[in-house]
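Visitor: Next comes the structure file my_file-v3.txt, holding compact mmCIF, C-alpha atoms and all ligand atoms.
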# COMPACT_ATOMS: atom_id res chain seq x y z
CA MET A 1 10.27 26.48 25.54
CA LYS A 2 10.95 24.82 22.22
CA SER A 3 8.52 22.21 20.78
CA VAL A 4 8.52 20.17 17.59
CA GLN A 5 4.91 19.92 16.41
CA VAL A 6 2.59 18.31 13.87
CA VAL A 7 0.83 21.31 12.32
CA GLU A 8 -0.83 19.42 9.47
CA PHE A 9 -1.23 15.62 9.08
CA GLY A 10 1.53 14.35 6.80
CA ALA A 11 3.23 17.75 6.42
CA PRO A 12 6.75 18.40 7.78
CA LEU A 13 6.95 18.96 11.55
CA ALA A 14 7.40 22.57 12.65
CA GLU A 15 9.51 24.00 15.45
CA THR A 16 7.70 26.47 17.71
CA ASN A 17 8.70 28.57 20.69
CA ALA A 18 6.38 29.42 23.57
CA GLU A 19 6.49 30.79 27.12
CA LEU A 20 7.48 28.27 29.76
CA PRO A 21 4.24 27.26 31.54
CA THR A 22 3.82 27.77 35.30
CA PRO A 23 2.45 24.58 36.89
CA GLN A 24 -1.00 24.97 38.50
CA GLY A 25 -2.75 22.75 41.05
CA THR A 26 -1.33 19.21 40.79
CA GLU A 27 0.78 19.91 37.67
CA VAL A 28 4.50 19.18 37.49
CA LEU A 29 6.96 20.74 35.04
CA LEU A 30 9.83 18.57 33.81
CA ARG A 31 12.94 19.55 31.86
CA MET A 32 13.08 16.91 29.14
CA ARG A 33 16.03 14.50 29.22
CA ALA A 34 14.95 11.77 26.77
CA ALA A 35 12.01 11.05 24.45
CA GLY A 36 11.69 7.79 22.52
CA VAL A 37 10.40 7.94 18.94
CA CYS A 38 7.63 5.37 18.57
CA HIS A 39 5.97 3.85 15.52
CA THR A 40 2.66 5.26 16.83
CA ASP A 41 4.07 8.73 16.15
CA LEU A 42 4.27 7.81 12.50
CA HIS A 43 0.52 7.02 12.48
CA LEU A 44 -0.24 10.18 14.46
CA TRP A 45 1.77 12.29 12.04
CA GLN A 46 0.08 10.60 9.06
CA GLY A 47 -3.35 10.99 10.68
CA GLY A 48 -4.77 7.47 10.87
CA TYR A 49 -4.70 3.66 10.74
CA ASP A 50 -5.62 1.28 7.93
CA LEU A 51 -8.57 -0.85 9.19
CA GLY A 52 -8.71 -3.07 6.11
CA HIS A 53 -11.52 -3.41 3.55
CA GLY A 54 -10.62 0.13 2.36
CA ARG A 55 -11.48 1.77 5.70
CA MET A 56 -9.27 4.17 7.65
CA MET A 57 -9.47 5.15 11.30
CA SER A 58 -9.11 8.92 11.45
CA LEU A 59 -7.23 10.15 14.49
CA GLN A 60 -8.73 13.61 14.10
CA GLU A 61 -12.16 12.06 14.73
CA ARG A 62 -10.63 10.26 17.75
CA GLY A 63 -9.76 13.44 19.61
CA VAL A 64 -6.29 14.15 18.23
CA HIS A 65 -6.13 17.89 17.64
CA LEU A 66 -3.48 19.95 15.86
CA PRO A 67 -1.06 21.48 16.46
CA LEU A 68 0.24 18.51 18.45
CA THR A 69 3.55 18.02 20.22
CA MET A 70 4.02 14.24 20.02
CA GLY A 71 6.33 12.16 22.23
CA HIS A 72 4.92 9.68 24.77
CA GLU A 73 8.11 7.91 25.95
CA ASN A 74 9.51 10.55 28.24
CA VAL A 75 12.06 10.97 30.98
CA GLY A 76 12.50 14.40 32.53
CA GLU A 77 13.95 16.21 35.48
CA VAL A 78 11.55 17.81 37.96
CA VAL A 79 11.94 21.60 37.90
CA ALA A 80 8.66 23.07 39.24
CA TRP A 81 5.23 21.99 40.55
CA GLY A 82 1.84 23.40 41.49
CA PRO A 83 0.71 24.23 45.05
CA GLU A 84 -1.16 20.91 45.49
CA VAL A 85 2.00 18.82 44.97
CA ASP A 86 4.33 17.71 47.76
CA GLN A 87 7.08 15.11 48.15
CA LEU A 88 8.93 16.10 44.98
CA GLN A 89 12.41 17.58 44.83
CA SER A 90 13.99 19.71 42.18
CA GLY A 91 16.34 17.74 39.93
CA GLU A 92 14.73 14.31 40.49
CA LEU A 93 14.58 12.19 37.35
CA ARG A 94 11.23 10.62 36.50
CA LEU A 95 9.84 8.29 33.84
CA VAL A 96 6.42 9.57 32.75
CA TYR A 97 3.41 7.21 32.51
CA PRO A 98 1.65 8.72 29.47
CA TRP A 99 -1.60 6.66 29.17
CA LEU A 100 -3.74 8.87 31.35
CA GLY A 101 -7.53 8.86 31.44
CA CYS A 102 -10.14 11.19 32.87
CA GLY A 103 -9.14 10.21 36.42
CA HIS A 104 -12.76 9.82 37.60
CA CYS A 105 -14.40 6.82 35.88
CA ASP A 106 -14.43 3.20 37.15
CA GLU A 107 -11.54 2.21 34.87
CA CYS A 108 -9.36 5.10 36.03
CA ARG A 109 -10.15 4.49 39.68
CA SER A 110 -9.36 0.78 39.42
CA GLY A 111 -5.87 1.49 38.00
CA ARG A 112 -6.78 0.80 34.37
CA GLU A 113 -6.46 4.33 33.04
CA ASN A 114 -5.31 2.98 29.69
CA TYR A 115 -8.89 1.67 29.20
CA CYS A 116 -10.55 5.03 29.96
CA LEU A 117 -13.00 6.14 27.27
CA LYS A 118 -11.79 9.72 27.59
CA PRO A 119 -8.04 9.31 27.13
CA ASP A 120 -5.78 12.20 27.99
CA THR A 121 -2.59 10.60 26.73
CA ILE A 122 0.60 12.62 26.95
CA GLY A 123 1.92 13.11 23.41
CA ILE A 124 -1.39 12.16 21.76
CA ASN A 125 -4.27 14.04 23.40
CA ARG A 126 -2.11 16.58 25.25
CA PRO A 127 1.39 17.95 24.54
CA GLY A 128 4.20 15.38 24.73
CA GLY A 129 7.95 15.26 25.04
CA TYR A 130 9.33 16.42 21.68
CA ALA A 131 10.08 19.66 23.45
CA SER A 132 12.54 21.19 25.89
CA TYR A 133 9.96 21.00 28.73
CA LEU A 134 6.95 18.83 29.54
CA LEU A 135 4.01 19.72 31.78
CA VAL A 136 2.32 16.66 33.35
CA PRO A 137 -1.09 16.92 35.03
CA HIS A 138 -0.38 14.95 38.19
CA PRO A 139 2.62 13.52 40.07
CA ARG A 140 0.99 10.06 40.12
CA CYS A 141 2.22 9.58 36.55
CA LEU A 142 5.87 10.09 37.57
CA ILE A 143 7.93 6.96 38.26
CA PRO A 144 11.41 6.96 39.87
CA LEU A 145 14.07 5.53 37.55
CA GLN A 146 15.57 3.14 40.15
CA GLY A 147 19.04 3.88 38.80
CA LEU A 148 18.20 3.33 35.13
CA ASP A 149 19.79 5.55 32.50
CA PRO A 150 17.24 8.11 31.11
CA ILE A 151 17.89 7.10 27.48
CA ALA A 152 17.41 3.40 28.24
CA ALA A 153 14.38 4.06 30.47
CA ALA A 154 12.34 6.29 28.11
CA PRO A 155 11.21 3.45 25.78
CA LEU A 156 9.76 1.56 28.76
CA ALA A 157 6.77 3.96 28.81
CA CYS A 158 5.33 2.62 25.55
CA SER A 159 7.22 -0.14 23.78
CA GLY A 160 8.46 -1.77 26.98
CA LEU A 161 5.07 -1.49 28.66
CA THR A 162 3.30 -2.84 25.56
CA CYS A 163 5.50 -5.96 25.59
CA PHE A 164 5.26 -6.45 29.31
CA SER A 165 1.49 -6.03 29.53
CA ALA A 166 0.95 -8.44 26.61
CA LEU A 167 3.23 -11.09 28.14
CA LYS A 168 1.48 -10.73 31.51
CA LYS A 169 -1.87 -11.52 29.86
CA PHE A 170 -0.73 -15.07 28.99
CA ASP A 171 -1.15 -17.95 31.43
CA ALA A 172 2.09 -17.81 33.43
CA ASP A 173 2.30 -21.61 33.92
CA ILE A 174 2.04 -22.30 30.20
CA LEU A 175 4.56 -19.51 29.52
CA LYS A 176 7.05 -21.31 31.79
CA LYS A 177 6.39 -24.78 30.37
CA ARG A 178 5.99 -24.25 26.64
CA ALA A 179 7.74 -22.26 23.93
CA MET A 180 5.83 -19.22 22.70
CA VAL A 181 5.62 -17.95 19.11
CA VAL A 182 6.34 -14.27 18.47
CA PHE A 183 5.66 -12.55 15.14
CA GLY A 184 8.14 -9.79 14.37
CA ALA A 185 11.69 -9.24 15.55
CA GLY A 186 11.71 -5.46 15.38
CA GLY A 187 12.08 -3.39 18.55
CA LEU A 188 9.08 -4.90 20.34
CA GLY A 189 9.90 -8.45 19.32
CA LEU A 190 13.46 -8.17 20.64
CA MET A 191 12.27 -6.57 23.88
CA SER A 192 9.79 -9.40 24.37
CA LEU A 193 12.63 -11.95 24.17
CA HIS A 194 14.40 -10.37 27.16
CA LEU A 195 11.22 -9.84 29.17
CA HIS A 196 9.96 -13.36 28.44
CA LYS A 197 13.21 -14.75 29.82
CA ALA A 198 13.08 -12.50 32.91
CA LEU A 199 9.54 -13.81 33.54
CA GLY A 200 10.84 -17.39 33.47
CA GLY A 201 9.53 -18.23 29.98
CA ARG A 202 10.47 -21.56 28.36
CA GLY A 203 11.63 -20.03 25.05
CA VAL A 204 10.52 -18.05 22.02
CA ILE A 205 10.20 -19.06 18.37
CA VAL A 206 10.40 -15.90 16.27
CA ILE A 207 8.73 -15.55 12.87
CA GLU A 208 10.30 -12.76 10.84
CA PRO A 209 10.88 -12.28 7.08
CA ASP A 210 14.06 -10.16 7.42
CA ALA A 211 17.27 -12.24 7.68
CA GLY A 212 19.14 -9.59 9.69
CA ARG A 213 16.35 -9.40 12.23
CA ARG A 214 16.17 -13.20 12.46
CA ALA A 215 19.88 -13.23 13.26
CA ALA A 216 19.34 -10.52 15.91
CA ALA A 217 16.52 -12.58 17.44
CA LEU A 218 18.72 -15.68 17.67
CA GLU A 219 21.46 -13.57 19.24
CA ALA A 220 18.92 -12.26 21.77
CA GLY A 221 18.08 -15.83 22.78
CA ALA A 222 15.26 -17.02 20.47
CA ILE A 223 15.24 -20.84 20.25
CA ALA A 224 14.37 -20.64 16.54
CA ALA A 225 13.82 -17.92 13.93
CA VAL A 226 11.65 -18.85 10.96
CA ASP A 227 11.15 -17.04 7.65
CA PRO A 228 7.36 -16.94 7.03
CA ASN A 229 8.01 -16.95 3.28
CA ASP A 230 9.55 -20.43 3.45
CA ARG A 231 7.12 -22.98 2.03
CA ASP A 232 7.48 -25.17 5.10
CA ALA A 233 7.45 -22.26 7.59
CA GLN A 234 4.61 -23.73 9.62
CA ALA A 235 6.31 -27.12 9.85
CA GLN A 236 9.54 -25.44 10.98
CA VAL A 237 7.68 -23.65 13.78
CA LEU A 238 5.94 -26.83 14.94
CA GLN A 239 9.25 -28.70 14.82
CA ALA A 240 10.76 -26.17 17.27
CA ALA A 241 7.64 -26.01 19.49
CA THR A 242 7.35 -27.88 22.78
CA ASP A 243 5.70 -31.28 21.95
CA HIS A 244 5.24 -29.87 18.43
CA HIS A 245 2.23 -27.77 19.19
CA VAL A 246 1.71 -24.10 20.00
CA LEU A 247 -0.52 -22.62 22.71
CA GLN A 248 0.67 -19.02 22.91
CA VAL A 249 1.24 -16.59 20.05
CA LEU A 250 2.14 -12.94 20.38
CA ASP A 251 1.73 -10.87 17.20
CA PHE A 252 3.73 -7.65 17.11
CA VAL A 253 2.96 -7.10 13.44
CA GLY A 254 -0.84 -7.15 13.17
CA ALA A 255 -1.03 -7.77 9.41
CA GLU A 256 -3.40 -10.03 7.47
CA GLN A 257 -0.64 -12.59 6.88
CA THR A 258 0.46 -12.80 10.52
CA ALA A 259 -3.13 -13.03 11.79
CA ALA A 260 -3.82 -15.90 9.38
CA MET A 261 -0.64 -17.80 10.22
CA ALA A 262 -1.12 -17.27 13.97
CA PHE A 263 -4.62 -18.74 13.77
CA ASP A 264 -3.37 -21.78 11.84
CA LEU A 265 -0.49 -22.39 14.23
CA LEU A 266 -2.54 -22.40 17.42
CA SER A 267 -3.48 -25.72 18.91
CA LYS A 268 -6.58 -26.49 21.02
CA GLY A 269 -7.01 -24.04 23.86
CA GLY A 270 -4.50 -21.69 22.26
CA HIS A 271 -4.23 -17.98 22.98
CA LEU A 272 -3.36 -15.25 20.47
CA ILE A 273 -2.53 -11.79 21.70
CA SER A 274 -2.41 -9.16 18.99
CA VAL A 275 -0.46 -5.99 19.59
CA GLY A 276 0.77 -4.86 16.16
CA LEU A 277 -0.97 -2.06 14.29
CA PHE A 278 0.31 -2.72 10.79
CA GLY A 279 -3.25 -2.81 9.47
CA GLY A 280 -5.68 -4.86 7.48
CA ALA A 281 -8.46 -7.31 8.39
CA ALA A 282 -8.48 -10.93 9.60
CA ASP A 283 -10.09 -13.72 7.61
CA TRP A 284 -10.40 -16.52 10.17
CA PRO A 285 -12.45 -19.71 9.65
CA LEU A 286 -15.00 -19.07 12.41
CA PRO A 287 -16.06 -22.66 13.17
CA LEU A 288 -12.43 -23.41 14.08
CA LEU A 289 -12.47 -20.58 16.61
CA ALA A 290 -15.04 -22.60 18.57
CA ILE A 291 -13.74 -26.09 17.78
CA LYS A 292 -10.18 -25.20 18.80
CA ALA A 293 -11.51 -23.17 21.79
CA LEU A 294 -9.16 -20.33 20.93
CA THR A 295 -8.81 -17.06 22.80
CA ILE A 296 -8.04 -14.03 20.66
CA GLN A 297 -7.18 -10.93 22.61
CA GLY A 298 -5.93 -7.45 21.84
CA SER A 299 -3.49 -5.64 24.07
CA TYR A 300 -2.88 -1.89 24.03
CA VAL A 301 -0.03 -0.39 26.06
CA GLY A 302 -0.51 -1.11 29.79
CA SER A 303 -1.46 0.24 33.20
CA LEU A 304 0.41 2.45 35.65
CA PRO A 305 0.96 -0.44 38.12
CA GLU A 306 2.33 -2.52 35.22
CA LEU A 307 4.80 0.23 34.27
CA LYS A 308 6.02 0.42 37.89
CA ALA A 309 6.45 -3.38 37.94
CA LEU A 310 8.31 -3.24 34.62
CA VAL A 311 10.78 -0.58 35.83
CA GLN A 312 11.47 -2.77 38.86
CA LEU A 313 11.94 -5.92 36.75
CA VAL A 314 14.33 -4.12 34.36
CA ALA A 315 16.32 -2.53 37.20
CA GLU A 316 16.56 -5.73 39.27
CA ASN A 317 17.65 -7.91 36.36
CA ASP A 318 19.80 -5.23 34.72
CA LEU A 319 17.96 -5.89 31.45
CA LYS A 320 19.13 -4.24 28.24
CA LEU A 321 15.83 -4.37 26.39
CA ILE A 322 16.57 -2.50 23.19
CA PRO A 323 19.56 -0.80 21.56
CA THR A 324 19.06 2.96 21.44
CA GLN A 325 20.41 5.65 19.11
CA GLN A 326 20.54 9.13 20.55
CA ARG A 327 19.66 12.06 18.29
CA SER A 328 18.89 15.72 18.84
CA LEU A 329 15.35 17.09 19.16
CA ASP A 330 15.70 18.66 15.70
CA ALA A 331 16.03 15.16 14.25
CA VAL A 332 12.49 13.92 15.11
CA GLN A 333 11.43 14.37 11.49
CA ASP A 334 14.42 12.37 10.23
CA ALA A 335 13.67 9.66 12.77
CA LEU A 336 10.04 9.44 11.57
CA ASN A 337 11.18 9.26 7.95
CA ASP A 338 13.63 6.48 8.82
CA LEU A 339 10.92 4.58 10.73
CA ASP A 340 8.62 4.92 7.73
CA LYS A 341 11.29 3.36 5.50
CA GLY A 342 11.95 0.59 8.05
CA GLN A 343 15.50 1.83 8.53
CA VAL A 344 15.65 2.02 12.32
CA THR A 345 17.30 -0.72 14.35
CA GLY A 346 16.26 -0.48 17.99
CA ARG A 347 14.91 2.82 19.27
CA VAL A 348 15.71 6.42 18.38
CA VAL A 349 15.68 8.54 21.56
CA VAL A 350 15.84 12.30 21.15
CA THR A 351 17.37 14.63 23.71
CA PRO A 352 16.84 18.39 23.74
ZN ZN B 1 4.39 4.34 21.50
ZN ZN B 2 -11.43 7.59 33.07
Let me see the structure of the file written as structure tokens.
Guide:
Amino acid sequence: MKSVQVVEFGAPLAETNAELPTPQGTEVLLRMRAAGVCHTDLHLWQGGYDLGHGRMMSLQERGVHLPLTMGHENVGEVVAWGPEVDQLQSGELRLVYPWLGCGHCDECRSGRENYCLKPDTIGINRPGGYASYLLVPHPRCLIPLQGLDPIAAAPLACSGLTCFSALKKFDADILKKRAMVVFGAGGLGLMSLHLHKALGGRGVIVIEPDAGRRAAALEAGAIAAVDPNDRDAQAQVLQAATDHHVLQVLDFVGAEQTAAMAFDLLSKGGHLISVGLFGGAADWPLPLLAIKALTIQGSYVGSLPELKALVQLVAENDLKLIPTQQRSLDAVQDALNDLDKGQVTGRVVVTP
């Protein structure tokens, strides 16, 4: 089997060939059909995250070992399985839930594997889908596609799930009654517009510096798209907000500027959910956190039950969450370079 691997942080990816593995126990072998290229791969390849104040989070110290085959947004075709697996048939297409944990702790057993302290994430802690085949540890992480196209379905495993899980953390009544503010109209921001609507949301005000992306957000149904560099940006947002105040903010950027503006925008009882990993540190006036009774919450990917619910929501509503560009497996490096330069619209999905 062919794999495209990180052999050294920041160095060009290398193509390797290895024997096709024979699934043992509960393992399932998939022939890869589609693998989405995620912004997280860029951080993995580069080896860390900027934590602000000059600090970096090293992924090597967080259990990421090289060589690594990245790729955590995978759809494959079942080709073989271990002796402890039943109820699978050769040729079935499956979306892979990648955010696996140890399988034994309280979090894992309560269906919150993505909060496990010993993550075994496919494409981060164990080999992922930038390869011709993918070995998954257990059939529980395989989700039927419900008729979805493999290329469209692959990004649901990370970017789709990240959006969905974040939106589900907001109070559903407020979401239906009042416009929400979303920072960033890249891939996640645009996905959130479609999912927000499918969940019965009142409307989304997008904050985005790029004019092309603002236009794309309006086309995707945003009720307003504001340039944060405008002097009166905050006033423009409040003008578009329900009753001119904001209770829910979703930050897909996660930069110092967005964190500051989100805090200022929120009204009493407001809720900020931060998803973006751009980097930096927040400088919030702490007394206002109490006085405004704000909730600030992080959200990281999502759970297996949430991914199943998302696939159902997308299939039932025939949602087109994100435009995809198909490239060959050899083009992962180019895709990462393009992501780094901010030159990708929608999602690159590689196929072997
Ligand atoms: Zn991802
Ligand atoms: Zn666990």
Visitor: Leaving out Leu142 (chain A) and any residue of its chain fewer than 2 positions from it, which residues lie within 9 Å of it when counting all atoms listed in the file, given as a count of residues only?
Guide: 10
Visitor: List as a compact mmCIF listing (two decimals) with C-alpha atoms, in the coordinates of the input the protein and nucleic acid residues near Val78 (chain A), meaning an atom at most 6 Å away when all atoms listed in the file are counted, but skip any in the same chain fewer than 6 places from it.
Guide:
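The result, written out as around-v4.txt:
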# COMPACT_ATOMS: atom_id res chain seq x y z
CA LEU A 30 9.83 18.57 33.81
CA SER A 90 13.99 19.71 42.18
CA GLY A 91 16.34 17.74 39.93
CA GLU A 92 14.73 14.31 40.49
Visitor: Please identify all polymer residues within 12 Å of Ser303 (chain A), counting all atoms listed in the file, omitting same-chain residues fewer than 6 positions from it, and present them as number ranges by chain.
Guide: A: 97-101, 107-116, 141, 157-158, 160-162, 164-166, 168, 309-310
Visitor: Expressed in Å to a single decimal, how great is the separation between CA of Ala241 (chain A) and CA of Asp264 (chain A)?
Guide: 14.1 Å
Visitor: Got a sec: who's within 12 Å of Val181 (chain A), counting all atoms listed in the file, leaving out chain neighbours fewer than 3 positions off, as a ChimeraX atom specification?
Guide: /A:167,175,178,184-185,189,192-193,196,201-208,222-226,234,236-238,240-242,244-252,258,261-263,265-267,270-274
Visitor: Between CA of Asp227 (chain A) and CA of His194 (chain A), what distance in Å does the model show, to one decimal?
Guide: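 Separating CA of Asp227 (chain A) from CA of His194 (chain A) is a distance of 20.9 Å.
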Visitor: In Å to one decimal, how far is CA of Thr121 (chain A) from CA of Thr345 (chain A)?
Guide: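 Computed distance, CA of Thr345 (chain A) to CA of Thr121 (chain A), equals 26.0 Å.
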Visitor: Pick from A:Ala172, A:Leu195, A:Cys105, A:Leu304: nearest to ligand ZN 2 (chain B), with all atoms listed in the file counted?
Guide: A:Cys105
Visitor: Could I get the residue neighbourhood of ligand ZN 1 (chain B) at 7 Å, counting only C-alpha atoms and all ligand atoms, as a PyMOL selection string?
Guide: chain A and resi 38-41+72-73+158-159
Visitor: Would you put the residues from that selection into a file with C-alpha atoms, as a short mmCIF file (atom, residue, chain, number, x, y, z; two decimals), in the frame of the given file?
Guide:
data_model
loop_
_atom_site.label_atom_id
_atom_site.label_comp_id
_atom_site.auth_asym_id
_atom_site.auth_seq_id
_atom_site.Cartn_x
_atom_site.Cartn_y
_atom_site.Cartn_z
CA CYS A 38 7.63 5.37 18.57
CA HIS A 39 5.97 3.85 15.52
CA THR A 40 2.66 5.26 16.83
CA ASP A 41 4.07 8.73 16.15
CA HIS A 72 4.92 9.68 24.77
CA GLU A 73 8.11 7.91 25.95
CA CYS A 158 5.33 2.62 25.55
CA SER A 159 7.22 -0.14 23.78
#
Visitor: Counting all atoms listed in the file, which residue out of A:Pro83, A:Pro23, A:Gly128, A:Gly298 sits closest to Val37 (chain A)?
Guide: A:Gly128
Visitor: Can you tell me, as a list in words, what residues are no more than 7 Å from Asn125 (chain A) when counting only C-alpha atoms, ignoring any on the same chain fewer than 4 positions away?
Guide: Gly63, Val64, Asp120 and Thr121 of chain A
Visitor: Give the padded box for region 251-259 of chain A as JSON: axis-aligned, covering all atoms listed in the file, 5 Å on each side, centre and edge lengths in Å to one decimal.
Guide:
{"center_x": 0.2, "center_y": -10.1, "center_z": 12.0, "size_x": 17.1, "size_y": 15.9, "size_z": 20.3}
Visitor: Tell me which of A:His43, A:Val85, A:Gly186, A:Lys268 sits closest to Ala290 (chain A), counting only C-alpha atoms.
Guide: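 Closest residue, counting only C-alpha atoms: A:Lys268.
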Visitor: Nearest to Pro209 (chain A): which of A:Val6, A:Ala233, A:Leu148, A:Ala282 is it, counting all atoms listed in the file?
Guide: A:Ala233
Visitor: Taking into account only C-alpha atoms, which residue in the set A:Ala154, A:Ala255, A:Val7, A:Ala18 is nearest to Gln326 (chain A)?
Guide: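 Nearest to Gln326 (chain A): A:Ala154.
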Visitor: Which residue, A:Asp283, A:Glu219, A:Asp243, A:Asp173, has the smallest gap to Leu199 (chain A) when you use all atoms listed in the file?
Guide: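 Checking each candidate against Leu199 (chain A), we get A:Asp173 as the closest.
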Visitor: Using the atoms already present, construct N, CA, C and O atoms for region 306-323 of chain A and hand them back as a CSV table (one decimal), in the frame of the given file.
Guide:
chain,number,residue,atom,x,y,z
A,306,GLU,N,1.5,-1.7,36.1
A,306,GLU,CA,2.3,-2.5,35.2
A,306,GLU,C,3.6,-1.8,34.9
A,306,GLU,O,4.7,-2.4,34.8
A,307,LEU,N,3.6,-0.5,34.6
A,307,LEU,CA,4.8,0.2,34.3
A,307,LEU,C,5.7,0.3,35.5
A,307,LEU,O,7.0,0.1,35.3
A,308,LYS,N,5.2,0.4,36.7
A,308,LYS,CA,6.0,0.4,37.9
A,308,LYS,C,6.7,-1.0,38.1
A,308,LYS,O,7.9,-1.0,38.4
A,309,ALA,N,5.9,-2.0,37.8
A,309,ALA,CA,6.4,-3.4,37.9
A,309,ALA,C,7.5,-3.6,36.9
A,309,ALA,O,8.5,-4.3,37.2
A,310,LEU,N,7.3,-3.1,35.7
A,310,LEU,CA,8.3,-3.2,34.6
A,310,LEU,C,9.6,-2.5,35.0
A,310,LEU,O,10.7,-3.1,34.8
A,311,VAL,N,9.6,-1.3,35.5
A,311,VAL,CA,10.8,-0.6,35.8
A,311,VAL,C,11.6,-1.4,36.9
A,311,VAL,O,12.8,-1.6,36.8
A,312,GLN,N,10.8,-2.0,37.8
A,312,GLN,CA,11.5,-2.8,38.9
A,312,GLN,C,12.1,-4.0,38.3
A,312,GLN,O,13.3,-4.3,38.6
A,313,LEU,N,11.4,-4.7,37.4
A,313,LEU,CA,11.9,-5.9,36.8
A,313,LEU,C,13.2,-5.6,36.0
A,313,LEU,O,14.2,-6.3,36.0
A,314,VAL,N,13.2,-4.5,35.2
A,314,VAL,CA,14.3,-4.1,34.4
A,314,VAL,C,15.5,-3.7,35.2
A,314,VAL,O,16.7,-4.1,35.0
A,315,ALA,N,15.2,-3.0,36.3
A,315,ALA,CA,16.3,-2.5,37.2
A,315,ALA,C,16.9,-3.7,38.0
A,315,ALA,O,18.1,-3.9,38.0
A,316,GLU,N,16.1,-4.6,38.5
A,316,GLU,CA,16.6,-5.7,39.3
A,316,GLU,C,17.4,-6.7,38.4
A,316,GLU,O,18.4,-7.3,38.9
A,317,ASN,N,17.0,-6.9,37.2
A,317,ASN,CA,17.6,-7.9,36.4
A,317,ASN,C,18.7,-7.3,35.4
A,317,ASN,O,19.2,-8.0,34.6
A,318,ASP,N,18.9,-6.0,35.6
A,318,ASP,CA,19.8,-5.2,34.7
A,318,ASP,C,19.6,-5.6,33.2
A,318,ASP,O,20.5,-5.9,32.5
A,319,LEU,N,18.3,-5.5,32.8
A,319,LEU,CA,18.0,-5.9,31.4
A,319,LEU,C,18.3,-4.8,30.5
A,319,LEU,O,18.1,-3.6,30.7
A,320,LYS,N,18.9,-5.2,29.3
A,320,LYS,CA,19.1,-4.2,28.2
A,320,LYS,C,18.1,-4.6,27.2
A,320,LYS,O,18.3,-5.5,26.4
A,321,LEU,N,17.0,-3.9,27.2
A,321,LEU,CA,15.8,-4.4,26.4
A,321,LEU,C,16.0,-4.1,24.9
A,321,LEU,O,15.6,-4.8,24.1
A,322,ILE,N,16.6,-2.9,24.6
A,322,ILE,CA,16.6,-2.5,23.2
A,322,ILE,C,17.8,-1.6,23.0
A,322,ILE,O,18.0,-0.7,23.8
A,323,PRO,N,18.5,-1.8,21.8
A,323,PRO,CA,19.6,-0.8,21.6
A,323,PRO,C,19.0,0.6,21.2
A,323,PRO,O,17.9,0.6,20.6
